[in-house]
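Asker: Structure file structure36.cif, mmCIF, C-alpha atoms and all ligand atoms, is pasted below:
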```cif
data_structure
#
loop_
_atom_site.label_atom_id
_atom_site.label_comp_id
_atom_site.auth_asym_id
_atom_site.auth_seq_id
_atom_site.Cartn_x
_atom_site.Cartn_y
_atom_site.Cartn_z
CA MET A 1 31.73 -16.95 -41.08
CA SER A 2 30.58 -15.07 -37.95
CA ASP A 3 32.73 -12.21 -36.66
CA SER A 4 32.07 -12.84 -32.99
CA LEU A 5 32.51 -15.67 -30.53
CA THR A 6 31.27 -15.96 -26.95
CA LEU A 7 32.33 -18.59 -24.45
CA ASP A 8 30.10 -19.33 -21.49
CA LEU A 9 31.85 -20.10 -18.23
CA ASN A 10 29.83 -20.80 -15.10
CA HIS A 11 28.90 -17.21 -14.20
CA GLN A 12 31.18 -15.43 -16.65
CA ARG A 13 31.43 -14.81 -20.37
CA ILE A 14 34.40 -14.21 -22.61
CA SER A 15 33.79 -12.79 -26.08
CA ALA A 16 35.86 -11.79 -29.07
CA TYR A 17 34.51 -9.68 -31.91
CA VAL A 18 35.53 -7.20 -34.57
CA GLY A 19 34.96 -3.62 -33.50
CA ASN A 20 36.14 -0.19 -32.46
CA ILE A 21 36.75 -0.17 -28.71
CA VAL A 22 35.59 3.43 -28.28
CA LYS A 23 32.06 2.29 -29.17
CA VAL A 24 31.93 -0.63 -26.76
CA GLU A 25 29.36 -0.62 -23.95
CA ALA A 26 31.21 -2.02 -20.97
CA ASP A 27 31.93 -0.78 -17.45
CA ALA A 28 35.55 -0.27 -18.48
CA ILE A 29 37.50 -0.24 -21.70
CA VAL A 30 41.26 -0.73 -21.60
CA ASN A 31 43.63 1.69 -23.28
CA ALA A 32 46.98 0.53 -24.68
CA ALA A 33 48.65 3.69 -23.38
CA ASN A 34 52.28 4.78 -23.19
CA SER A 35 54.15 5.54 -19.98
CA SER A 36 53.59 9.30 -20.22
CA LEU A 37 49.80 8.78 -20.06
CA LEU A 38 49.53 11.92 -22.16
CA GLY A 39 48.09 10.33 -25.27
CA GLY A 40 49.51 8.84 -28.44
CA GLY A 41 48.38 7.18 -31.63
CA GLY A 42 46.46 3.99 -32.31
CA VAL A 43 43.87 2.96 -29.78
CA ASP A 44 45.17 5.60 -27.31
CA GLY A 45 44.54 8.42 -29.78
CA ALA A 46 41.10 7.04 -30.66
CA ILE A 47 40.04 6.84 -26.99
CA HIS A 48 41.16 10.39 -26.13
CA LYS A 49 39.59 11.77 -29.31
CA ALA A 50 36.23 10.09 -28.73
CA GLY A 51 36.21 10.51 -24.94
CA GLY A 52 37.15 14.18 -24.84
CA PRO A 53 39.51 16.20 -22.62
CA GLU A 54 38.28 14.87 -19.26
CA ILE A 55 40.27 11.68 -19.75
CA LEU A 56 43.50 13.61 -20.30
CA GLU A 57 42.76 15.80 -17.27
CA ASP A 58 42.46 12.69 -15.12
CA CYS A 59 45.66 11.28 -16.63
CA ARG A 60 47.51 14.50 -15.81
CA ARG A 61 46.36 14.26 -12.20
CA ILE A 62 47.74 10.72 -12.00
CA VAL A 63 51.02 11.67 -13.70
CA ALA A 64 51.46 14.51 -11.20
CA GLN A 65 51.55 11.82 -8.49
CA ILE A 66 53.39 8.91 -10.11
CA HIS A 67 55.38 10.71 -12.91
CA HIS A 68 54.95 7.86 -15.34
CA LEU A 69 53.17 4.51 -15.55
CA PRO A 70 55.64 1.61 -15.85
CA PRO A 71 54.97 -1.15 -18.40
CA GLY A 72 52.71 -3.87 -16.98
CA GLN A 73 50.91 -1.50 -14.58
CA ALA A 74 47.35 -0.12 -14.92
CA VAL A 75 45.39 2.89 -13.65
CA ALA A 76 41.72 3.87 -14.03
CA THR A 77 40.32 7.24 -15.11
CA THR A 78 36.96 8.59 -16.13
CA ALA A 79 35.79 7.61 -19.60
CA GLY A 80 34.60 11.15 -20.40
CA LYS A 81 32.01 11.08 -23.17
CA LEU A 82 32.40 7.38 -23.92
CA LYS A 83 29.69 4.82 -23.18
CA ALA A 84 32.06 3.03 -20.83
CA ARG A 85 32.24 4.29 -17.22
CA TYR A 86 36.02 4.01 -16.87
CA VAL A 87 39.10 3.82 -19.03
CA ILE A 88 41.77 1.57 -17.58
CA HIS A 89 45.13 2.66 -18.97
CA THR A 90 47.87 0.08 -19.16
CA VAL A 91 51.29 0.19 -20.78
CA GLY A 92 52.28 -2.83 -22.83
CA PRO A 93 55.85 -3.92 -23.48
CA VAL A 94 57.69 -2.83 -26.61
CA PHE A 95 58.53 -6.12 -28.34
CA THR A 96 62.25 -6.52 -28.91
CA GLY A 97 62.42 -10.27 -29.54
CA GLY A 98 60.70 -11.73 -26.50
CA TYR A 99 63.73 -12.22 -24.23
CA GLU A 100 63.45 -8.98 -22.27
CA GLY A 101 60.48 -10.04 -20.14
CA GLU A 102 57.89 -8.99 -22.72
CA PRO A 103 55.58 -12.02 -22.12
CA GLU A 104 55.52 -11.39 -18.34
CA THR A 105 54.94 -7.68 -18.82
CA LEU A 106 52.11 -8.28 -21.27
CA ALA A 107 50.48 -10.80 -18.90
CA SER A 108 50.80 -8.22 -16.13
CA CYS A 109 48.87 -5.67 -18.26
CA TYR A 110 45.87 -7.99 -18.43
CA ARG A 111 46.15 -9.03 -14.77
CA GLU A 112 46.56 -5.48 -13.45
CA SER A 113 43.73 -4.13 -15.62
CA LEU A 114 41.43 -6.81 -14.23
CA SER A 115 42.62 -5.96 -10.71
CA ARG A 116 41.60 -2.31 -11.22
CA ALA A 117 38.19 -3.49 -12.50
CA GLU A 118 37.78 -5.73 -9.44
CA GLU A 119 38.73 -2.89 -7.08
CA LEU A 120 36.07 -0.71 -8.72
CA GLN A 121 33.61 -3.60 -8.48
CA LEU A 122 32.97 -3.57 -12.23
CA HIS A 123 31.12 -6.31 -14.07
CA SER A 124 32.46 -5.91 -17.59
CA ILE A 125 35.73 -4.93 -19.25
CA ALA A 126 36.84 -4.76 -22.87
CA PHE A 127 40.44 -5.15 -24.03
CA PRO A 128 42.17 -4.17 -27.26
CA ALA A 129 45.10 -6.31 -28.42
CA ILE A 130 47.66 -4.57 -26.20
CA SER A 131 51.15 -4.05 -27.68
CA THR A 132 50.26 -5.52 -31.09
CA GLY A 133 50.29 -2.19 -32.94
CA VAL A 134 53.17 0.25 -32.77
CA TYR A 135 54.79 -1.77 -29.95
CA GLY A 136 55.23 -4.68 -32.38
CA TYR A 137 54.22 -7.71 -30.31
CA PRO A 138 53.48 -10.68 -32.64
CA LYS A 139 49.70 -10.97 -32.69
CA GLU A 140 49.35 -14.70 -32.18
CA GLU A 141 51.76 -14.77 -29.22
CA ALA A 142 50.08 -11.74 -27.69
CA ALA A 143 46.61 -13.31 -28.05
CA LYS A 144 47.79 -16.51 -26.32
CA ILE A 145 48.96 -14.45 -23.35
CA ALA A 146 45.76 -12.37 -23.36
CA ILE A 147 43.62 -15.52 -23.25
CA GLN A 148 45.66 -17.46 -20.71
CA THR A 149 45.93 -14.51 -18.33
CA VAL A 150 42.26 -13.53 -18.53
CA PHE A 151 41.11 -17.09 -17.83
CA GLU A 152 43.45 -17.30 -14.84
CA SER A 153 42.32 -13.94 -13.45
CA LEU A 154 38.62 -14.68 -13.98
CA GLY A 155 39.07 -17.82 -11.91
CA VAL A 156 39.63 -15.64 -8.84
CA ALA A 157 37.44 -12.64 -9.82
CA THR A 158 34.41 -11.81 -7.70
CA HIS A 159 32.93 -8.87 -9.65
CA VAL A 160 33.99 -9.14 -13.29
CA ARG A 161 31.58 -11.33 -15.23
CA ARG A 162 32.23 -10.29 -18.80
CA VAL A 163 35.50 -9.85 -20.67
CA ASP A 164 35.57 -8.78 -24.31
CA TYR A 165 38.48 -8.92 -26.73
CA VAL A 166 37.84 -6.15 -29.24
CA CYS A 167 39.63 -6.98 -32.48
CA PHE A 168 40.32 -4.12 -34.84
CA SER A 169 40.38 -6.30 -37.96
CA ARG A 170 38.86 -9.52 -39.15
CA ALA A 171 42.34 -11.03 -39.35
CA ASP A 172 42.90 -10.20 -35.66
CA PHE A 173 39.52 -11.74 -34.79
CA GLU A 174 40.42 -14.96 -36.63
CA ILE A 175 43.40 -15.38 -34.30
CA TYR A 176 41.25 -14.98 -31.17
CA ASN A 177 38.49 -17.12 -32.66
CA ARG A 178 40.87 -20.00 -33.30
CA LEU A 179 42.77 -19.74 -30.00
CA LEU A 180 39.62 -19.34 -27.88
CA LYS A 181 37.98 -22.34 -29.57
CA SER A 182 40.99 -24.52 -28.91
CA TYR A 183 41.21 -23.27 -25.30
CA ALA A 184 37.50 -24.04 -24.87
CA ALA A 185 37.86 -27.52 -26.36
CA ALA A 186 40.75 -28.29 -24.03
CA HIS A 187 38.80 -27.09 -20.97
CA GLN A 188 35.27 -28.33 -21.83
CA ILE A 189 33.83 -24.83 -22.19
CA VAL A 190 30.79 -24.26 -24.42
CA SER A 191 30.11 -21.51 -26.98
CA ALA A 192 27.08 -19.27 -26.35
CA GLU A 193 24.97 -17.18 -28.71
CA PRO A 194 26.94 -14.12 -29.77
CA GLN A 195 25.83 -10.78 -28.31
CA THR A 196 26.59 -7.30 -29.53
CA HIS A 197 28.15 -4.73 -27.21
CA ILE A 198 28.79 -2.06 -29.80
CA LYS A 199 26.36 0.81 -30.23
CA ASP A 200 26.74 3.46 -32.91
P1 LIG B 301 50.49 -0.51 -28.80
O1 LIG B 301 51.32 0.75 -28.77
O2 LIG B 301 50.25 -1.09 -27.42
O3 LIG B 301 51.00 -1.50 -29.79
P2 LIG B 301 48.39 0.38 -30.63
O4 LIG B 301 47.28 1.34 -30.32
O5 LIG B 301 49.41 0.80 -31.63
O6 LIG B 301 49.04 0.00 -29.21
O7 LIG B 301 47.76 -0.99 -31.10
C1 LIG B 301 47.23 -1.97 -30.26
C2 LIG B 301 46.15 -2.73 -30.99
O8 LIG B 301 44.94 -1.96 -30.98
C3 LIG B 301 46.46 -3.02 -32.46
O9 LIG B 301 46.12 -4.37 -32.75
C4 LIG B 301 45.55 -2.06 -33.22
O10 LIG B 301 45.15 -2.61 -34.48
C5 LIG B 301 44.38 -1.99 -32.28
N1 LIG B 301 43.52 -0.80 -32.39
C6 LIG B 301 43.83 0.44 -32.86
N2 LIG B 301 42.77 1.26 -32.76
C7 LIG B 301 41.76 0.52 -32.20
C8 LIG B 301 40.39 0.78 -31.86
N3 LIG B 301 39.84 1.99 -32.07
N4 LIG B 301 39.64 -0.23 -31.31
C9 LIG B 301 40.19 -1.44 -31.10
N5 LIG B 301 41.47 -1.76 -31.40
C10 LIG B 301 42.24 -0.79 -31.96
#
```
Written as structure tokens, that's how I'd like the structure from this file.

Answerer:
Amino acid sequence: MSDSLTLDLNHQRISAYVGNIVKVEADAIVNAANSSLLGGGGVDGAIHKAGGPEILEDCRRIVAQIHHLPPGQAVATTAGKLKARYVIHTVGPVFTGGYEGEPETLASCYRESLSRAEELQLHSIAFPAISTGVYGYPKEEAAKIAIQTVFESLGVATHVRRVDYVCFSRADFEIYNRLLKSYAAAHQIVSAEPQTHIKD
């Protein structure tokens, strides 16, 4: 079975594939950051490690102004040495059962990240599965929100034409593959030939 899926909308494409987000060629990659913006583990640690100290310098400048980034918000920095041009940092909700506004906050992460990309007039953006690591959001529920919110936001986007879901494992990809296919079937969207956006 293939480990990537691309859906063709009118002038936009949504893809899911297995990969390491630090290697993705896109105008922006999204970081599942924490509110301090000063780095952490998981995808955050990988991005700072691969991108170098310029990203942290930019984060420090932002923190000096806003003190911390609340969950659901997003800010853009340089991508340092990465192939992407920008890193968009967003803070997902910590999952504590789903009744503390976690679904709304997670949706806001995707919406706000896409808003930053639109403001910067970017064409492509790649997302990790925000909140599904240390923050404990159930993967299937998180993927449903990621898909629903991205489709809604793309409907009103004027610059972003490509959105990638970068899945860190095959099991994570299978969730996106299944949910995207059923979303596509329900909305008469066709699958396109898969493309690769990862360069070693
Ligand atoms: P959070 O604190 O928001 O849960 P994590 O970084 O712990 O963030 O995990 C978010 C998701 O990112 C998890 O599904 C994890 O498997 C995935 N992940 C971790 N490293 C990478 C990477 N280098 N590229 C893509 N996804 C990654």

Asker: Which protein, DNA or RNA residues have an atom within 6 Å of ligand LIG 301 (chain B), counting all atoms listed in the file, as a PDB file with C-alpha atoms, keeping the file's coordinate frame?

Answerer:
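Contents of the output file result.pdb:
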```
ATOM      1  CA  ASN A  20      36.140  -0.190 -32.460  1.00  0.00           C
ATOM      2  CA  ILE A  21      36.750  -0.170 -28.710  1.00  0.00           C
ATOM      3  CA  VAL A  22      35.590   3.430 -28.280  1.00  0.00           C
ATOM      4  CA  ALA A  32      46.980   0.530 -24.680  1.00  0.00           C
ATOM      5  CA  GLY A  42      46.460   3.990 -32.310  1.00  0.00           C
ATOM      6  CA  VAL A  43      43.870   2.960 -29.780  1.00  0.00           C
ATOM      7  CA  ASP A  44      45.170   5.600 -27.310  1.00  0.00           C
ATOM      8  CA  ALA A  46      41.100   7.040 -30.660  1.00  0.00           C
ATOM      9  CA  GLY A  92      52.280  -2.830 -22.830  1.00  0.00           C
ATOM     10  CA  PRO A 128      42.170  -4.170 -27.260  1.00  0.00           C
ATOM     11  CA  ALA A 129      45.100  -6.310 -28.420  1.00  0.00           C
ATOM     12  CA  ILE A 130      47.660  -4.570 -26.200  1.00  0.00           C
ATOM     13  CA  SER A 131      51.150  -4.050 -27.680  1.00  0.00           C
ATOM     14  CA  THR A 132      50.260  -5.520 -31.090  1.00  0.00           C
ATOM     15  CA  GLY A 133      50.290  -2.190 -32.940  1.00  0.00           C
ATOM     16  CA  VAL A 134      53.170   0.250 -32.770  1.00  0.00           C
ATOM     17  CA  TYR A 135      54.790  -1.770 -29.950  1.00  0.00           C
ATOM     18  CA  GLY A 136      55.230  -4.680 -32.380  1.00  0.00           C
ATOM     19  CA  VAL A 166      37.840  -6.150 -29.240  1.00  0.00           C
ATOM     20  CA  CYS A 167      39.630  -6.980 -32.480  1.00  0.00           C
ATOM     21  CA  PHE A 168      40.320  -4.120 -34.840  1.00  0.00           C
TER      22      PHE A 168
END
```

Asker: So that I can check the surroundings of Leu120 of chain A, please list as a list of chain:residue names every protein, DNA and RNA residue that reaches within 10 Å of it, counting only C-alpha atoms and ignoring chain neighbours fewer than 2 positions away.

Answerer: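 Contacts, in chain order: A:Asp27, A:Ala28, A:Ala76, A:Tyr86, A:Leu114, A:Ser115, A:Arg116, A:Ala117, A:Glu118, A:Leu122, A:His123, A:His159, A:Val160.
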
Asker: As an exercise, work out the distance from atom CA of Pro53 of chain A to atom CA of Ala107 of chain A in Å and give it to one decimal place.

Answerer: 29.4 Å

Asker: Excluding Glu141 of chain A and residues on its chain fewer than 2 positions from it, collect all residues at most 10 Å away from it, counting only C-alpha atoms, and give them as a count of residues only.

Answerer: 11

Asker: When distances are computed from only C-alpha atoms, which of A:Thr158, A:Asn31, A:Ser153, A:Thr96 shows the smallest separation from Ala79 of chain A?

Answerer: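 Selected residue with least distance to Ala79 of chain A: A:Asn31.
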
Asker: Excluding Asp3 of chain A and residues on its chain fewer than 4 positions from it, collect all residues at most 8 Å away from it, counting only C-alpha atoms, and give them as a PDB file with C-alpha atoms, in the frame of the given file.

Answerer:
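After the write, out-v9.pdb holds the following:
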```pdb
ATOM      1  CA  TYR A  17      34.510  -9.680 -31.910  1.00  0.00           C
ATOM      2  CA  VAL A  18      35.530  -7.200 -34.570  1.00  0.00           C
ATOM      3  CA  ARG A 170      38.860  -9.520 -39.150  1.00  0.00           C
ATOM      4  CA  PHE A 173      39.520 -11.740 -34.790  1.00  0.00           C
TER       5      PHE A 173
END
```

Asker: Atom CA of His67 of chain A and atom CA of Ser36 of chain A are how many Å apart?

Answerer: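 Between atom CA of His67 of chain A and atom CA of Ser36 of chain A the gap is 7.7 Å.
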
Asker: When distances are computed from only C-alpha atoms, which of A:Asn177, A:Val94, A:Arg61, A:Ala157 shows the smallest separation from Thr78 of chain A?

Answerer: A:Arg61

Asker: Tell me, in Å to one decimal, how far atom CA of Ile14 of chain A is from atom CA of Ile147 of chain A.

Answerer: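 Going from atom CA of Ile14 of chain A over to atom CA of Ile147 of chain A covers 9.3 Å.
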
Asker: Which one of A:Ala33, A:Cys109, A:Leu9, A:Val63 sits closest to Gly45 of chain A if you count only C-alpha atoms?

Answerer: A:Ala33

Asker: Please list, as a compact mmCIF listing (two decimals) with C-alpha atoms, in the frame of the given file, the residues that have an atom at most 12 Å away from (45.5, 15.0, -20.0) in the coordinates of this file, counting only C-alpha atoms.

Answerer:
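Generated output (result.txt):
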```txt
# COMPACT_ATOMS: atom_id res chain seq x y z
CA SER A 36 53.59 9.30 -20.22
CA LEU A 37 49.80 8.78 -20.06
CA LEU A 38 49.53 11.92 -22.16
CA GLY A 39 48.09 10.33 -25.27
CA GLY A 40 49.51 8.84 -28.44
CA ASP A 44 45.17 5.60 -27.31
CA GLY A 45 44.54 8.42 -29.78
CA HIS A 48 41.16 10.39 -26.13
CA LYS A 49 39.59 11.77 -29.31
CA GLY A 51 36.21 10.51 -24.94
CA GLY A 52 37.15 14.18 -24.84
CA PRO A 53 39.51 16.20 -22.62
CA GLU A 54 38.28 14.87 -19.26
CA ILE A 55 40.27 11.68 -19.75
CA LEU A 56 43.50 13.61 -20.30
CA GLU A 57 42.76 15.80 -17.27
CA ASP A 58 42.46 12.69 -15.12
CA CYS A 59 45.66 11.28 -16.63
CA ARG A 60 47.51 14.50 -15.81
CA ARG A 61 46.36 14.26 -12.20
CA ILE A 62 47.74 10.72 -12.00
CA VAL A 63 51.02 11.67 -13.70
CA ALA A 64 51.46 14.51 -11.20
CA THR A 77 40.32 7.24 -15.11
CA THR A 78 36.96 8.59 -16.13
CA GLY A 80 34.60 11.15 -20.40
```

Asker: Which residues come within 7 Å of Thr105 of chain A, counting only C-alpha atoms, excluding same-chain residues fewer than 5 positions away, as a PDB file with C-alpha atoms, in the coordinates of the input?

Answerer:
```pdb
ATOM      1  CA  PRO A  71      54.970  -1.150 -18.400  1.00  0.00           C
ATOM      2  CA  GLY A  72      52.710  -3.870 -16.980  1.00  0.00           C
ATOM      3  CA  GLY A  92      52.280  -2.830 -22.830  1.00  0.00           C
ATOM      4  CA  PRO A  93      55.850  -3.920 -23.480  1.00  0.00           C
TER       5      PRO A  93
END
```

Asker: Between A:Lys23, A:Phe151, A:Glu104, A:Arg111, which one has atoms that come closest to Lys81 of chain A, using all atoms listed in the file?

Answerer: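 Of the candidates, the smallest distance to Lys81 of chain A is held by A:Lys23.
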
Asker: Got a minute to add N, CA and C atoms to segment 73-92 of chain A and dump it as a compact mmCIF listing (two decimals), in the coordinates of the input?

Answerer:
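Result went into selection.txt, see below:
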```txt
# COMPACT_ATOMS: atom_id res chain seq x y z
N GLN A 73 51.79 -2.04 -15.61
CA GLN A 73 50.91 -1.50 -14.58
C GLN A 73 49.63 -0.95 -15.22
N ALA A 74 48.63 -0.63 -14.39
CA ALA A 74 47.35 -0.12 -14.92
C ALA A 74 46.73 0.86 -13.94
N VAL A 75 46.12 1.92 -14.48
CA VAL A 75 45.39 2.89 -13.65
C VAL A 75 44.05 3.20 -14.32
N ALA A 76 43.06 3.57 -13.49
CA ALA A 76 41.72 3.87 -14.03
C ALA A 76 41.47 5.36 -14.01
N THR A 77 40.79 5.84 -15.07
CA THR A 77 40.32 7.24 -15.11
C THR A 77 38.85 7.23 -15.54
N THR A 78 38.27 8.41 -15.52
CA THR A 78 36.96 8.59 -16.13
C THR A 78 37.02 8.17 -17.60
N ALA A 79 35.84 7.90 -18.16
CA ALA A 79 35.79 7.61 -19.60
C ALA A 79 35.21 8.80 -20.37
N GLY A 80 35.08 9.95 -19.70
CA GLY A 80 34.60 11.15 -20.40
C GLY A 80 33.27 10.90 -21.11
N LYS A 81 33.26 11.18 -22.40
CA LYS A 81 32.01 11.08 -23.17
C LYS A 81 31.72 9.67 -23.69
N LEU A 82 32.60 8.74 -23.39
CA LEU A 82 32.40 7.38 -23.92
C LEU A 82 31.25 6.67 -23.21
N LYS A 83 30.79 5.60 -23.81
CA LYS A 83 29.69 4.82 -23.18
C LYS A 83 30.20 4.04 -21.97
N ALA A 84 31.47 3.72 -21.98
CA ALA A 84 32.06 3.03 -20.83
C ALA A 84 32.07 3.99 -19.63
N ARG A 85 32.16 3.44 -18.42
CA ARG A 85 32.24 4.29 -17.22
C ARG A 85 33.68 4.68 -16.90
N TYR A 86 34.60 3.78 -17.17
CA TYR A 86 36.02 4.01 -16.87
C TYR A 86 36.88 3.63 -18.07
N VAL A 87 38.02 4.30 -18.16
CA VAL A 87 39.10 3.82 -19.03
C VAL A 87 40.20 3.32 -18.11
N ILE A 88 40.63 2.10 -18.33
CA ILE A 88 41.77 1.57 -17.58
C ILE A 88 42.98 1.63 -18.52
N HIS A 89 43.95 2.44 -18.13
CA HIS A 89 45.13 2.66 -18.97
C HIS A 89 46.23 1.69 -18.53
N THR A 90 46.76 0.96 -19.49
CA THR A 90 47.87 0.08 -19.16
C THR A 90 48.95 0.25 -20.23
N VAL A 91 50.18 0.01 -19.85
CA VAL A 91 51.29 0.19 -20.78
C VAL A 91 51.88 -1.16 -21.12
N GLY A 92 51.74 -1.55 -22.38
CA GLY A 92 52.28 -2.83 -22.83
C GLY A 92 53.78 -2.75 -23.03
```
